[in-house]
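S.K.: This is the content of final22.txt (compact mmCIF, C-alpha atoms):
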# COMPACT_ATOMS: atom_id res chain seq x y z
CA MET X 11 -14.83 45.20 36.03
CA MET X 12 -15.02 44.69 39.77
CA GLY X 13 -12.68 45.81 42.43
CA GLY X 14 -13.09 49.56 42.43
CA LYS X 15 -13.35 51.26 45.80
CA THR X 16 -15.67 54.12 46.65
CA ASP X 17 -17.16 55.70 49.76
CA ARG X 18 -20.30 56.56 47.86
CA LYS X 19 -23.41 54.50 48.59
CA LEU X 20 -24.73 52.78 45.47
CA ILE X 21 -28.27 52.45 46.81
CA VAL X 22 -29.95 55.24 48.77
CA ASN X 23 -33.51 54.81 50.10
CA GLY X 24 -34.13 51.89 47.74
CA LYS X 25 -33.15 54.01 44.73
CA ARG X 26 -30.04 53.55 42.68
CA LEU X 27 -27.65 56.33 41.71
CA ASP X 28 -29.49 57.03 38.47
CA GLY X 29 -32.86 57.03 40.21
CA ARG X 30 -33.96 53.55 39.21
CA GLY X 31 -35.55 50.98 41.50
CA LEU X 32 -33.73 47.70 42.09
CA ASP X 33 -35.56 45.80 39.32
CA ASP X 34 -35.82 48.61 36.78
CA MET X 35 -34.03 48.46 33.46
CA ARG X 36 -32.57 51.46 31.72
CA PRO X 37 -34.66 52.69 28.79
CA LEU X 38 -34.05 50.43 25.80
CA THR X 39 -34.73 51.29 22.17
CA ILE X 40 -34.03 48.95 19.29
CA GLU X 41 -34.12 49.75 15.60
CA ALA X 42 -33.70 47.02 12.99
CA HIS X 43 -32.48 47.32 9.42
CA VAL X 44 -30.42 50.46 9.77
CA LEU X 45 -27.59 49.65 7.35
CA ASN X 46 -28.12 49.39 3.61
CA LYS X 47 -25.19 47.24 2.62
CA ALA X 48 -25.37 44.70 5.44
CA ASP X 49 -27.65 41.68 5.07
CA GLY X 50 -29.09 42.46 8.48
CA SER X 51 -28.43 45.14 11.05
CA ALA X 52 -29.69 46.70 14.24
CA TYR X 53 -28.98 49.71 16.41
CA VAL X 54 -29.56 49.60 20.13
CA GLU X 55 -29.60 52.38 22.68
CA TRP X 56 -29.73 51.05 26.18
CA GLY X 57 -29.34 53.79 28.74
CA LYS X 58 -26.08 55.41 27.69
CA ASN X 59 -24.95 52.36 25.71
CA LYS X 60 -25.02 52.77 21.96
CA VAL X 61 -24.41 49.64 19.94
CA LEU X 62 -24.49 48.88 16.25
CA ALA X 63 -24.65 45.29 14.98
CA ALA X 64 -24.31 44.08 11.41
CA VAL X 65 -24.69 40.60 9.97
CA TYR X 66 -23.30 39.35 6.67
CA GLY X 67 -23.99 35.96 5.21
CA PRO X 68 -24.31 33.12 4.89
CA ARG X 69 -21.45 33.70 2.49
CA GLU X 70 -18.45 31.85 1.20
CA CYS X 71 -16.12 31.04 4.07
CA VAL X 72 -12.72 32.63 3.65
CA PRO X 73 -10.21 31.18 4.57
CA ARG X 74 -11.55 27.88 3.27
CA HIS X 75 -9.90 25.75 5.97
CA ASP X 76 -12.12 27.41 8.58
CA SER X 77 -15.26 26.12 6.87
CA ASP X 78 -17.21 23.06 7.95
CA PRO X 79 -18.66 20.67 5.34
CA TYR X 80 -21.72 20.00 7.49
CA ARG X 81 -22.75 23.40 8.81
CA ALA X 82 -22.16 27.11 8.60
CA VAL X 83 -19.59 28.60 10.90
CA VAL X 84 -20.69 31.57 12.96
CA ARG X 85 -18.04 34.23 13.44
CA CYS X 86 -18.32 37.24 15.66
CA ARG X 87 -16.32 40.37 16.24
CA TYR X 88 -17.13 42.47 19.26
CA SER X 89 -15.29 45.73 19.17
CA MET X 90 -15.27 48.76 21.39
CA ALA X 91 -14.63 52.10 19.76
CA PRO X 92 -11.62 53.87 21.29
CA PHE X 93 -13.88 56.82 22.12
CA CYS X 94 -16.69 54.80 23.66
CA SER X 95 -16.11 55.52 27.33
CA LEU X 96 -14.61 58.03 29.71
CA GLU X 97 -11.46 56.05 30.24
CA GLU X 98 -8.78 55.69 27.64
CA HIS X 99 -9.18 52.43 25.78
CA GLY X 100 -5.86 52.81 24.07
CA ARG X 101 -5.55 51.74 20.49
CA ALA X 102 -8.51 50.45 18.55
CA GLY X 103 -8.71 46.80 17.66
CA PRO X 104 -9.08 43.56 19.52
CA ASN X 105 -7.67 43.21 23.01
CA ARG X 106 -7.95 40.39 25.53
CA ARG X 107 -11.40 41.43 26.66
CA ALA X 108 -12.82 41.93 23.16
CA ILE X 109 -11.54 38.54 22.04
CA GLU X 110 -13.22 36.87 25.01
CA LEU X 111 -16.53 38.62 24.43
CA SER X 112 -16.42 37.78 20.73
CA LYS X 113 -16.01 34.14 21.71
CA VAL X 114 -18.85 33.98 24.23
CA ILE X 115 -21.23 35.88 21.96
CA ARG X 116 -20.32 33.63 19.04
CA GLU X 117 -21.03 30.56 21.14
CA ALA X 118 -24.39 31.93 22.24
CA PHE X 119 -25.44 32.32 18.60
CA GLN X 120 -24.04 28.97 17.50
CA ASN X 121 -26.77 27.46 19.66
CA VAL X 122 -29.67 29.27 18.02
CA VAL X 123 -28.74 29.69 14.35
CA ILE X 124 -29.79 26.67 12.29
CA THR X 125 -26.35 26.23 10.79
CA GLU X 126 -26.98 22.83 9.15
CA LEU X 127 -28.90 24.56 6.36
CA PHE X 128 -25.81 26.30 5.01
CA PRO X 129 -22.85 23.91 4.91
CA LYS X 130 -19.45 25.32 3.95
CA THR X 131 -20.48 28.93 4.55
CA ALA X 132 -19.76 31.54 7.17
CA ILE X 133 -22.11 33.91 8.97
CA ASP X 134 -20.34 37.03 10.19
CA ILE X 135 -21.59 39.13 13.07
CA PHE X 136 -20.01 42.49 13.78
CA ILE X 137 -20.80 44.33 16.99
CA GLU X 138 -19.51 47.85 17.40
CA ILE X 139 -19.80 49.55 20.77
CA LEU X 140 -20.04 53.24 19.99
CA GLN X 141 -20.69 54.36 23.55
CA SER X 142 -20.48 52.26 26.67
CA ASP X 143 -21.91 52.48 30.15
CA GLY X 144 -21.81 48.92 31.49
CA GLY X 145 -23.60 45.89 30.09
CA THR X 146 -22.36 46.27 26.54
CA ARG X 147 -22.03 42.55 25.92
CA CYS X 148 -25.73 42.19 26.67
CA ALA X 149 -26.57 45.15 24.47
CA GLY X 150 -24.39 43.61 21.77
CA LEU X 151 -26.19 40.28 22.03
CA VAL X 152 -29.60 41.96 21.86
CA ALA X 153 -28.56 43.96 18.79
CA ALA X 154 -26.88 41.04 17.03
CA SER X 155 -29.90 38.83 17.61
CA VAL X 156 -32.19 41.37 15.92
CA ALA X 157 -29.64 41.81 13.12
CA LEU X 158 -29.53 38.05 12.49
CA ALA X 159 -33.32 37.85 12.29
CA ASP X 160 -33.32 40.90 10.03
CA ALA X 161 -30.87 39.14 7.71
CA GLY X 162 -33.42 36.33 7.33
CA ILE X 163 -31.02 33.75 8.69
CA PRO X 164 -33.00 30.77 10.00
CA MET X 165 -32.68 30.58 13.76
CA ARG X 166 -34.43 28.70 16.51
CA ASP X 167 -35.05 31.72 18.66
CA LEU X 168 -34.22 35.31 19.44
CA VAL X 169 -31.62 35.88 22.11
CA SER X 170 -32.34 38.30 24.92
CA ALA X 171 -29.58 39.26 27.32
CA ILE X 172 -29.44 41.21 30.56
CA SER X 173 -26.93 41.73 33.32
CA VAL X 174 -27.90 41.30 36.93
CA GLY X 175 -25.65 41.70 39.92
CA LYS X 176 -25.14 42.87 43.44
CA ALA X 177 -24.57 46.40 44.61
CA ASP X 178 -24.55 47.48 48.24
CA GLY X 179 -25.65 43.97 49.21
CA GLN X 180 -28.79 44.01 47.07
CA ILE X 181 -29.58 42.19 43.86
CA VAL X 182 -30.05 44.73 41.06
CA VAL X 183 -31.06 44.40 37.43
CA ASP X 184 -29.24 45.97 34.47
CA LEU X 185 -26.12 47.37 36.10
CA PHE X 186 -24.65 50.57 34.78
CA LYS X 187 -21.00 51.44 34.91
CA ASP X 188 -20.67 52.61 38.51
CA GLU X 189 -22.52 49.61 39.89
CA ASP X 190 -20.38 47.39 37.71
CA ASN X 191 -17.15 49.01 38.90
CA PHE X 192 -17.98 49.51 42.56
CA GLY X 193 -20.57 46.81 43.17
CA GLU X 194 -19.94 43.33 44.47
CA SER X 195 -20.94 41.23 41.50
CA ASP X 196 -21.94 41.42 37.84
CA VAL X 197 -23.64 38.53 36.05
CA PRO X 198 -24.50 38.90 32.38
CA ILE X 199 -26.98 36.24 31.22
CA ALA X 200 -28.42 35.48 27.80
CA PHE X 201 -31.64 33.52 27.31
CA ALA X 202 -33.39 31.83 24.44
CA HIS X 203 -36.91 33.16 24.80
CA ARG X 204 -38.91 30.03 24.00
CA ASN X 205 -37.65 27.83 26.82
CA ASN X 206 -35.40 30.11 28.85
CA ASP X 207 -32.32 28.14 27.86
CA ILE X 208 -29.23 29.91 29.14
CA LEU X 209 -26.91 30.72 26.25
CA LEU X 210 -24.42 32.81 28.15
CA PHE X 211 -23.65 33.04 31.83
CA GLN X 212 -20.65 34.82 33.22
CA MET X 213 -19.97 36.01 36.72
CA ASP X 214 -17.65 38.66 37.95
CA GLY X 215 -17.35 38.98 41.74
CA LYS X 216 -19.13 36.68 44.15
CA LEU X 217 -22.73 35.64 44.84
CA THR X 218 -24.16 33.00 47.16
CA LYS X 219 -26.26 30.17 45.76
CA ASP X 220 -29.50 31.85 46.85
CA GLU X 221 -28.42 35.16 45.38
CA VAL X 222 -27.73 33.49 42.04
CA LYS X 223 -31.24 32.02 42.13
CA THR X 224 -32.84 35.41 42.81
CA ALA X 225 -30.64 37.05 40.19
CA LEU X 226 -31.64 34.43 37.63
CA GLU X 227 -35.35 34.97 38.31
CA LYS X 228 -34.98 38.73 37.97
CA ALA X 229 -33.01 38.30 34.76
CA LYS X 230 -35.72 36.07 33.31
CA ASN X 231 -38.39 38.68 33.99
CA ALA X 232 -36.29 41.38 32.38
CA ALA X 233 -35.49 39.17 29.37
CA VAL X 234 -39.20 38.85 28.59
CA LYS X 235 -39.46 42.64 28.33
CA ILE X 236 -36.36 42.81 26.13
CA HIS X 237 -37.74 40.11 23.84
CA ALA X 238 -40.95 42.08 23.38
CA LEU X 239 -38.94 45.12 22.28
CA GLN X 240 -36.90 43.00 19.87
CA VAL X 241 -40.04 41.61 18.25
CA GLU X 242 -41.50 45.09 18.01
CA ALA X 243 -38.34 46.37 16.29
CA LEU X 244 -38.45 43.57 13.71
CA LYS X 245 -42.12 44.14 12.95
CA LYS X 246 -41.65 47.87 12.72
CA VAL X 247 -39.34 47.50 9.70
CA TYR X 248 -42.21 46.25 7.60
CA GLU X 249 -44.82 48.53 9.07
CA ARG X 250 -42.48 51.43 8.32
CA GLN X 251 -42.26 50.32 4.70
CA ALA X 252 -46.02 49.88 4.46
CA GLN X 253 -46.52 53.41 5.76
CA GLN X 254 -44.11 54.91 3.28
CA ASN X 255 -46.14 53.35 0.50
CA VAL X 256 -49.32 55.07 1.56
CA GLN X 257 -47.67 58.46 1.26
CA MET Q 17 -54.17 39.52 6.39
CA ALA Q 18 -51.28 37.37 7.51
CA ASP Q 19 -49.39 38.23 10.69
CA ILE Q 20 -45.70 38.98 10.94
CA ILE Q 21 -44.06 36.31 13.05
CA VAL Q 22 -40.53 36.05 14.43
CA PRO Q 23 -38.09 33.18 15.06
CA GLY Q 24 -39.15 30.93 17.92
CA GLU Q 25 -42.87 31.62 17.65
CA THR Q 26 -45.07 28.53 17.66
CA VAL Q 27 -47.04 28.14 14.44
CA ALA Q 28 -48.53 24.65 14.68
CA LYS Q 29 -48.56 21.36 16.50
CA ALA Q 30 -45.95 18.86 15.42
CA GLY Q 31 -47.49 15.95 13.56
CA GLY Q 32 -49.90 18.23 11.78
CA ARG Q 33 -49.38 19.38 8.26
CA PRO Q 34 -45.75 20.38 7.76
CA VAL Q 35 -45.11 24.09 7.44
CA GLY Q 36 -42.12 25.45 5.49
CA ASN Q 37 -39.42 27.60 7.12
CA THR Q 38 -40.07 26.10 10.50
CA TYR Q 39 -38.33 23.62 12.73
CA ARG Q 40 -39.78 21.04 15.02
CA GLU Q 41 -39.11 20.91 18.73
CA GLY Q 42 -40.99 18.79 21.23
CA ASP Q 43 -44.65 18.89 20.34
CA SER Q 44 -44.65 22.14 18.42
CA MET Q 45 -43.49 23.58 15.14
CA ARG Q 46 -41.80 26.94 15.45
CA SER Q 47 -40.88 29.62 12.99
CA ALA Q 48 -37.23 29.89 12.01
CA VAL Q 49 -37.52 33.24 10.25
CA VAL Q 50 -39.19 36.62 10.31
CA GLY Q 51 -42.09 36.08 7.95
CA LEU Q 52 -45.75 36.22 7.13
CA TYR Q 53 -47.99 33.43 8.31
CA LYS Q 54 -51.72 32.84 8.40
CA GLU Q 55 -53.12 29.85 10.24
CA GLY Q 56 -53.52 26.97 7.81
CA ASP Q 57 -50.83 28.14 5.38
CA ASP Q 58 -48.40 25.48 4.25
CA ARG Q 59 -45.37 27.68 4.78
CA ILE Q 60 -44.10 30.88 6.30
CA ILE Q 61 -43.30 33.46 3.64
CA PRO Q 62 -39.93 34.88 4.66
CA LEU Q 63 -39.46 38.65 4.53
CA GLN Q 64 -35.68 38.47 4.12
CA GLY Q 65 -33.14 35.83 3.50
CA PRO Q 66 -30.43 34.33 1.37
CA TYR Q 67 -31.08 32.64 -1.95
CA LEU Q 68 -30.77 28.87 -1.81
CA PRO Q 69 -30.87 27.36 -5.30
CA ALA Q 70 -33.35 24.62 -6.17
CA ILE Q 71 -33.31 22.36 -9.21
CA GLY Q 72 -35.11 23.98 -12.14
CA ASP Q 73 -34.59 27.55 -10.95
CA PHE Q 74 -34.03 30.12 -13.67
CA VAL Q 75 -31.19 32.33 -12.47
CA ILE Q 76 -29.15 35.23 -13.76
CA GLY Q 77 -25.45 34.93 -13.02
CA VAL Q 78 -22.19 36.72 -13.61
CA VAL Q 79 -19.10 34.88 -14.82
CA GLN Q 80 -16.72 35.03 -11.89
CA ASP Q 81 -13.98 32.73 -13.02
CA VAL Q 82 -13.03 31.19 -16.34
CA ARG Q 83 -11.44 27.79 -15.96
CA PHE Q 84 -10.17 25.19 -18.40
CA THR Q 85 -13.41 23.23 -18.79
CA SER Q 86 -15.92 25.23 -16.82
CA TYR Q 87 -17.03 28.63 -15.66
CA THR Q 88 -17.71 29.67 -12.09
CA MET Q 89 -20.82 31.78 -11.87
CA ASN Q 90 -21.86 34.15 -9.14
CA ILE Q 91 -25.57 33.49 -8.69
CA ASN Q 92 -26.21 35.81 -5.74
CA SER Q 93 -26.19 32.88 -3.33
CA PRO Q 94 -23.84 31.53 -0.64
CA TYR Q 95 -22.78 28.94 -3.22
CA ASN Q 96 -21.32 29.54 -6.66
CA GLY Q 97 -22.73 27.82 -9.73
CA SER Q 98 -20.58 25.93 -12.15
CA LEU Q 99 -21.25 25.85 -15.85
CA SER Q 100 -19.50 23.36 -18.08
CA SER Q 101 -17.94 24.93 -21.16
CA LYS Q 102 -19.49 22.07 -23.13
CA ALA Q 103 -22.89 23.60 -22.41
CA THR Q 104 -22.20 26.66 -24.49
CA ARG Q 105 -20.78 27.29 -27.91
CA ASP Q 106 -19.81 30.84 -26.96
CA GLU Q 107 -16.60 31.54 -25.22
CA LEU Q 108 -17.60 33.40 -22.09
CA LYS Q 109 -15.55 36.17 -20.59
CA LEU Q 110 -15.13 37.36 -17.04
CA GLY Q 111 -18.08 39.55 -16.11
CA ASP Q 112 -20.46 38.26 -18.77
CA ILE Q 113 -24.10 38.18 -17.73
CA ILE Q 114 -25.66 34.77 -18.27
CA SER Q 115 -29.10 33.37 -17.68
CA ALA Q 116 -29.12 29.69 -16.83
CA VAL Q 117 -31.15 26.93 -15.22
CA VAL Q 118 -30.08 25.00 -12.12
CA ALA Q 119 -29.58 21.43 -13.31
CA ALA Q 120 -28.28 19.66 -10.24
CA ILE Q 121 -27.24 20.25 -6.65
CA ASP Q 122 -25.25 17.65 -4.75
CA GLU Q 123 -24.99 17.11 -1.01
CA SER Q 124 -22.01 19.39 -0.65
CA LYS Q 125 -23.91 22.13 -2.46
CA ASN Q 126 -22.03 22.01 -5.74
CA ILE Q 127 -24.39 23.62 -8.19
CA THR Q 128 -24.45 22.63 -11.84
CA LEU Q 129 -26.01 25.04 -14.31
CA GLU Q 130 -27.29 24.35 -17.81
CA GLU Q 131 -29.00 26.10 -20.74
CA PRO Q 132 -26.82 29.20 -20.59
CA ARG Q 133 -27.81 32.23 -22.61
CA ARG Q 134 -25.71 35.30 -22.81
CA LEU Q 135 -27.59 38.48 -22.00
CA ILE Q 136 -26.13 41.30 -24.05
CA GLY Q 137 -26.75 44.92 -23.16
CA GLY Q 138 -29.58 45.92 -20.90
CA GLU Q 139 -29.30 46.44 -17.18
CA ILE Q 140 -29.73 44.46 -14.01
CA VAL Q 141 -31.90 45.31 -11.04
CA SER Q 142 -31.04 43.37 -7.89
CA ILE Q 143 -33.71 42.65 -5.31
CA SER Q 144 -34.06 40.26 -2.41
CA SER Q 145 -34.70 36.75 -3.73
CA VAL Q 146 -37.62 36.19 -1.35
CA LYS Q 147 -39.57 38.93 -3.16
CA VAL Q 148 -39.17 37.38 -6.61
CA PRO Q 149 -42.51 35.49 -6.57
CA ARG Q 150 -44.23 38.85 -6.10
CA VAL Q 151 -42.42 40.33 -9.10
CA ILE Q 152 -43.54 37.39 -11.22
CA GLY Q 153 -47.08 37.37 -9.87
CA LYS Q 154 -49.75 34.71 -10.31
CA LYS Q 155 -49.21 33.07 -13.70
CA ASN Q 156 -46.70 35.81 -14.59
CA SER Q 157 -49.40 38.47 -14.23
CA MET Q 158 -47.16 41.07 -12.62
CA VAL Q 159 -44.17 40.75 -14.93
CA ASN Q 160 -46.42 40.64 -18.00
CA MET Q 161 -48.08 43.83 -16.86
CA ILE Q 162 -44.67 45.53 -16.61
CA ILE Q 163 -43.64 44.23 -20.03
CA ASP Q 164 -46.91 45.37 -21.61
CA SER Q 165 -46.71 48.92 -20.34
CA THR Q 166 -42.96 49.54 -20.64
CA LYS Q 167 -42.30 47.49 -23.82
CA SER Q 168 -39.07 46.32 -22.19
CA GLU Q 169 -37.59 42.88 -22.41
CA VAL Q 170 -37.60 41.51 -18.86
CA GLN Q 171 -36.00 38.31 -17.53
CA VAL Q 172 -36.63 37.53 -13.89
CA GLY Q 173 -34.05 35.32 -12.20
CA ARG Q 174 -35.17 33.37 -9.16
CA ASN Q 175 -32.00 34.56 -7.42
CA GLY Q 176 -33.21 38.16 -7.26
CA ARG Q 177 -31.45 39.48 -10.36
CA ILE Q 178 -33.74 40.96 -12.97
CA TRP Q 179 -32.47 41.82 -16.42
CA ILE Q 180 -34.22 44.62 -18.33
CA LYS Q 181 -33.52 45.74 -21.86
CA GLY Q 182 -35.08 48.30 -24.17
CA GLY Q 183 -38.39 50.14 -23.91
CA ASN Q 184 -38.94 52.32 -20.89
CA SER Q 185 -36.40 50.40 -18.81
CA ALA Q 186 -36.19 53.11 -16.14
CA LEU Q 187 -39.90 52.78 -15.44
CA ALA Q 188 -39.66 48.98 -15.39
CA ALA Q 189 -36.84 49.19 -12.84
CA MET Q 190 -38.83 51.65 -10.72
CA ALA Q 191 -41.84 49.35 -10.77
CA ILE Q 192 -39.72 46.37 -9.73
CA LEU Q 193 -38.12 48.25 -6.85
CA LYS Q 194 -41.57 49.40 -5.77
CA ILE Q 195 -42.75 45.79 -5.76
CA GLU Q 196 -39.76 44.83 -3.64
CA THR Q 197 -40.51 47.36 -0.91
CA GLU Q 198 -44.24 46.63 -0.93
CA ALA Q 199 -44.07 42.87 -1.42
CA HIS Q 200 -45.65 42.08 1.95
CA THR Q 201 -48.73 44.26 1.42
CA SER Q 202 -51.98 43.21 -0.24
CA GLY Q 203 -53.57 44.67 -3.37
CA LEU Q 204 -50.14 45.07 -4.92
CA THR Q 205 -51.05 44.28 -8.53
CA ASP Q 206 -53.67 47.04 -8.63
CA ARG Q 207 -51.30 49.52 -7.07
CA ILE Q 208 -48.50 48.74 -9.50
CA ASN Q 209 -50.94 48.97 -12.40
CA ALA Q 210 -52.02 52.43 -11.24
CA PHE Q 211 -48.39 53.42 -10.72
CA LEU Q 212 -47.42 52.34 -14.24
CA LYS Q 213 -50.37 54.17 -15.78
CA ALA Q 214 -49.68 57.37 -13.87
CA GLU Q 215 -46.00 57.34 -14.82
CA MET Q 216 -46.80 56.66 -18.47
CA GLU Q 217 -49.20 59.59 -18.54
CA LYS Q 218 -46.56 61.83 -17.01
CA ASN Q 219 -44.15 60.80 -19.74
CA ASN Q 220 -46.69 61.42 -22.48
CA LYS Q 221 -47.25 64.98 -21.32
CA VAL Q 222 -43.55 65.72 -21.52
What do you get writing this file as structure tokens?
M.R.:
Amino acid sequence: MMGGKTDRKLIVNGKRLDGRGLDDMRPLTIEAHVLNKADGSAYVEWGKNKVLAAVYGPRECVPRHDSDPYRAVVRCRYSMAPFCSLEEHGRAGPNRRAIELSKVIREAFQNVVITELFPKTAIDIFIEILQSDGGTRCAGLVAASVALADAGIPMRDLVSAISVGKADGQIVVDLFKDEDNFGESDVPIAFAHRNNDILLFQMDGKLTKDEVKTALEKAKNAAVKIHALQVEALKKVYERQAQQNVQ
Amino acid sequence: MADIIVPGETVAKAGGRPVGNTYREGDSMRSAVVGLYKEGDDRIIPLQGPYLPAIGDFVIGVVQDVRFTSYTMNINSPYNGSLSSKATRDELKLGDIISAVVAAIDESKNITLEEPRRLIGGEIVSISSVKVPRVIGKKNSMVNMIIDSTKSEVQVGRNGRIWIKGGNSALAAMAILKIETEAHTSGLTDRINAFLKAEMEKNNKV
């Protein structure tokens, strides 16, 4: 959310408030296959963000009139826990913001999941934000993408997402809460790794055309790193199992 | 040893030999799933995934709905199977466990089952359907090995449901679950053989 006012400088001597350089991401750890009952799941810790994603399906679409005779429908619920941030979030459950994010995340995945293989069914994605510190929709996308792959649902690509933006007049990568609130712009972007297709692009605040170009380049570089971590998390599930067998 | 690959990874040039569980885009074939692939294989072996019925599949289902002329069967798949009541002389009840064969699938994924057999007693072990070929083994080698050492009756459904009755059924179930978690490793038959022998010896001592 933009529009906050502060006298504090967001960038001091080329370092950001949490000590990062302009292009540095917060530490990101991804673990796949964390839930037993879900078909696929993932847990992501990205800086102070903590996000759990679960995928169910393809399964029978209820209510039936939502189903499509030619492809699976992808449904998504993004939800922020009432205790996930310092501010009061009021009552749990969907609000205007959560409904919007559910929609944009759903649409990002509709473009990568090969839905034609499962007509009449539904694929459900649940994203729970347990702790938030800016950039949770990107963390949610990263987690849900790993969860979908973990569920074995055929998809064209993994989705990597990152927010870029402007704070104190400089383009920064992976904004945390203060930069998001007191900075000048926040642009979450999701990419398909194989061809850098943009699956989600939102902008809060203002950027010039050139700034958008720089931001996009920086986001692409960061997305490559995120993708590598996603792949590693997926492979680790099976290496973990192989190791347990040796013991 | 095959490599683990992820969705979006290029596996071959388009126009070459088709590879299963991939999709084609431009001049390359890319993986659609997390799976095992070795160059030259004809398909990617998925490590997870839903069960999609194919004609001729032997499946184990649960009666989910009794209707006037047919039964709706849960076959552990996104789509339910339907079994005509003409196909069986028994009157099936809700919750009955049935083995059947997939007879037909139409374009809107209506699945017709035939050759129903009621499975009475015993227990069911559920595993991921993509691991079923490993439980069966080459020419049934794995499942025969389990049957030989546990003296259980074992029916392996392609949909990931395995019915076990009699003999040392607990050991048979343990072996099957072990196969499921180790399905993607090599030398599995030997390891399961050793596991069965060791467990049998333990039992004999007691």
S.K.: Considering only C-alpha atoms, extract the chain X residues located within 9 Å of chain Q and return them as JSON, numbers by chain.
M.R.: {"X": [49, 50, 67, 68, 69, 70, 79, 80, 123, 124, 128, 129, 130, 131, 132, 159, 160, 161, 162, 163, 164, 165, 166, 167, 168, 202, 203, 204, 241, 244, 245, 248, 251, 252, 255]}
S.K.: Let me see the file: selected residues, C-alpha atoms, as a PDB file, in the coordinates of the input.
M.R.:
ATOM      1  CA  ASP X  49     -27.650  41.680   5.070  1.00  0.00           C
ATOM      2  CA  GLY X  50     -29.090  42.460   8.480  1.00  0.00           C
ATOM      3  CA  GLY X  67     -23.990  35.960   5.210  1.00  0.00           C
ATOM      4  CA  PRO X  68     -24.310  33.120   4.890  1.00  0.00           C
ATOM      5  CA  ARG X  69     -21.450  33.700   2.490  1.00  0.00           C
ATOM      6  CA  GLU X  70     -18.450  31.850   1.200  1.00  0.00           C
ATOM      7  CA  PRO X  79     -18.660  20.670   5.340  1.00  0.00           C
ATOM      8  CA  TYR X  80     -21.720  20.000   7.490  1.00  0.00           C
ATOM      9  CA  VAL X 123     -28.740  29.690  14.350  1.00  0.00           C
ATOM     10  CA  ILE X 124     -29.790  26.670  12.290  1.00  0.00           C
ATOM     11  CA  PHE X 128     -25.810  26.300   5.010  1.00  0.00           C
ATOM     12  CA  PRO X 129     -22.850  23.910   4.910  1.00  0.00           C
ATOM     13  CA  LYS X 130     -19.450  25.320   3.950  1.00  0.00           C
ATOM     14  CA  THR X 131     -20.480  28.930   4.550  1.00  0.00           C
ATOM     15  CA  ALA X 132     -19.760  31.540   7.170  1.00  0.00           C
ATOM     16  CA  ALA X 159     -33.320  37.850  12.290  1.00  0.00           C
ATOM     17  CA  ASP X 160     -33.320  40.900  10.030  1.00  0.00           C
ATOM     18  CA  ALA X 161     -30.870  39.140   7.710  1.00  0.00           C
ATOM     19  CA  GLY X 162     -33.420  36.330   7.330  1.00  0.00           C
ATOM     20  CA  ILE X 163     -31.020  33.750   8.690  1.00  0.00           C
ATOM     21  CA  PRO X 164     -33.000  30.770  10.000  1.00  0.00           C
ATOM     22  CA  MET X 165     -32.680  30.580  13.760  1.00  0.00           C
ATOM     23  CA  ARG X 166     -34.430  28.700  16.510  1.00  0.00           C
ATOM     24  CA  ASP X 167     -35.050  31.720  18.660  1.00  0.00           C
ATOM     25  CA  LEU X 168     -34.220  35.310  19.440  1.00  0.00           C
ATOM     26  CA  ALA X 202     -33.390  31.830  24.440  1.00  0.00           C
ATOM     27  CA  HIS X 203     -36.910  33.160  24.800  1.00  0.00           C
ATOM     28  CA  ARG X 204     -38.910  30.030  24.000  1.00  0.00           C
ATOM     29  CA  VAL X 241     -40.040  41.610  18.250  1.00  0.00           C
ATOM     30  CA  LEU X 244     -38.450  43.570  13.710  1.00  0.00           C
ATOM     31  CA  LYS X 245     -42.120  44.140  12.950  1.00  0.00           C
ATOM     32  CA  TYR X 248     -42.210  46.250   7.600  1.00  0.00           C
ATOM     33  CA  GLN X 251     -42.260  50.320   4.700  1.00  0.00           C
ATOM     34  CA  ALA X 252     -46.020  49.880   4.460  1.00  0.00           C
ATOM     35  CA  ASN X 255     -46.140  53.350   0.500  1.00  0.00           C
TER      36      ASN X 255
END
S.K.: Within 8 Å of (-34.4, 45.1, -10.6) in the file's own coordinates, which protein, DNA or RNA residues have an atom, counting only C-alpha atoms? List them as a PyMOL selection string.
M.R.: chain Q and resi 140-143+176-180+189-190+192-193
S.K.: Name the closest residue to Glu110 in chain X among the candidates X:Ile133, X:Leu185, X:Ala42, X:Cys86; distances are taken between atoms, counting only C-alpha atoms.
M.R.: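 Under the stated criterion, the closest residue is X:Cys86.
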S.K.: If we count all atoms listed in the file, what is near Asp57 in chain Q at a cut-off of 10 Å, once residues fewer than 4 positions away on the same chain are taken out, given as a VMD selection string?
M.R.: chain Q and resid 18 27 33 to 36 52 to 53 61
S.K.: Go ahead and save the picked residues with C-alpha atoms, as an mmCIF file, keeping the file's coordinate frame.
M.R.:
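Saved file result.cif follows:
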data_model
loop_
_atom_site.group_PDB
_atom_site.id
_atom_site.type_symbol
_atom_site.label_atom_id
_atom_site.label_comp_id
_atom_site.auth_asym_id
_atom_site.auth_seq_id
_atom_site.Cartn_x
_atom_site.Cartn_y
_atom_site.Cartn_z
ATOM 1 C CA ALA Q 18 -51.280 37.370 7.510
ATOM 2 C CA VAL Q 27 -47.040 28.140 14.440
ATOM 3 C CA ARG Q 33 -49.380 19.380 8.260
ATOM 4 C CA PRO Q 34 -45.750 20.380 7.760
ATOM 5 C CA VAL Q 35 -45.110 24.090 7.440
ATOM 6 C CA GLY Q 36 -42.120 25.450 5.490
ATOM 7 C CA LEU Q 52 -45.750 36.220 7.130
ATOM 8 C CA TYR Q 53 -47.990 33.430 8.310
ATOM 9 C CA ILE Q 61 -43.300 33.460 3.640
#
S.K.: Hey, which of X:His237, X:Arg107, X:Phe192, X:Ala232 ends up closest to Lys19 in chain X? Count all atoms listed in the file.
M.R.: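 Of X:His237, X:Arg107, X:Phe192, X:Ala232, the one nearest Lys19 in chain X, counting all atoms listed in the file, is X:Phe192.
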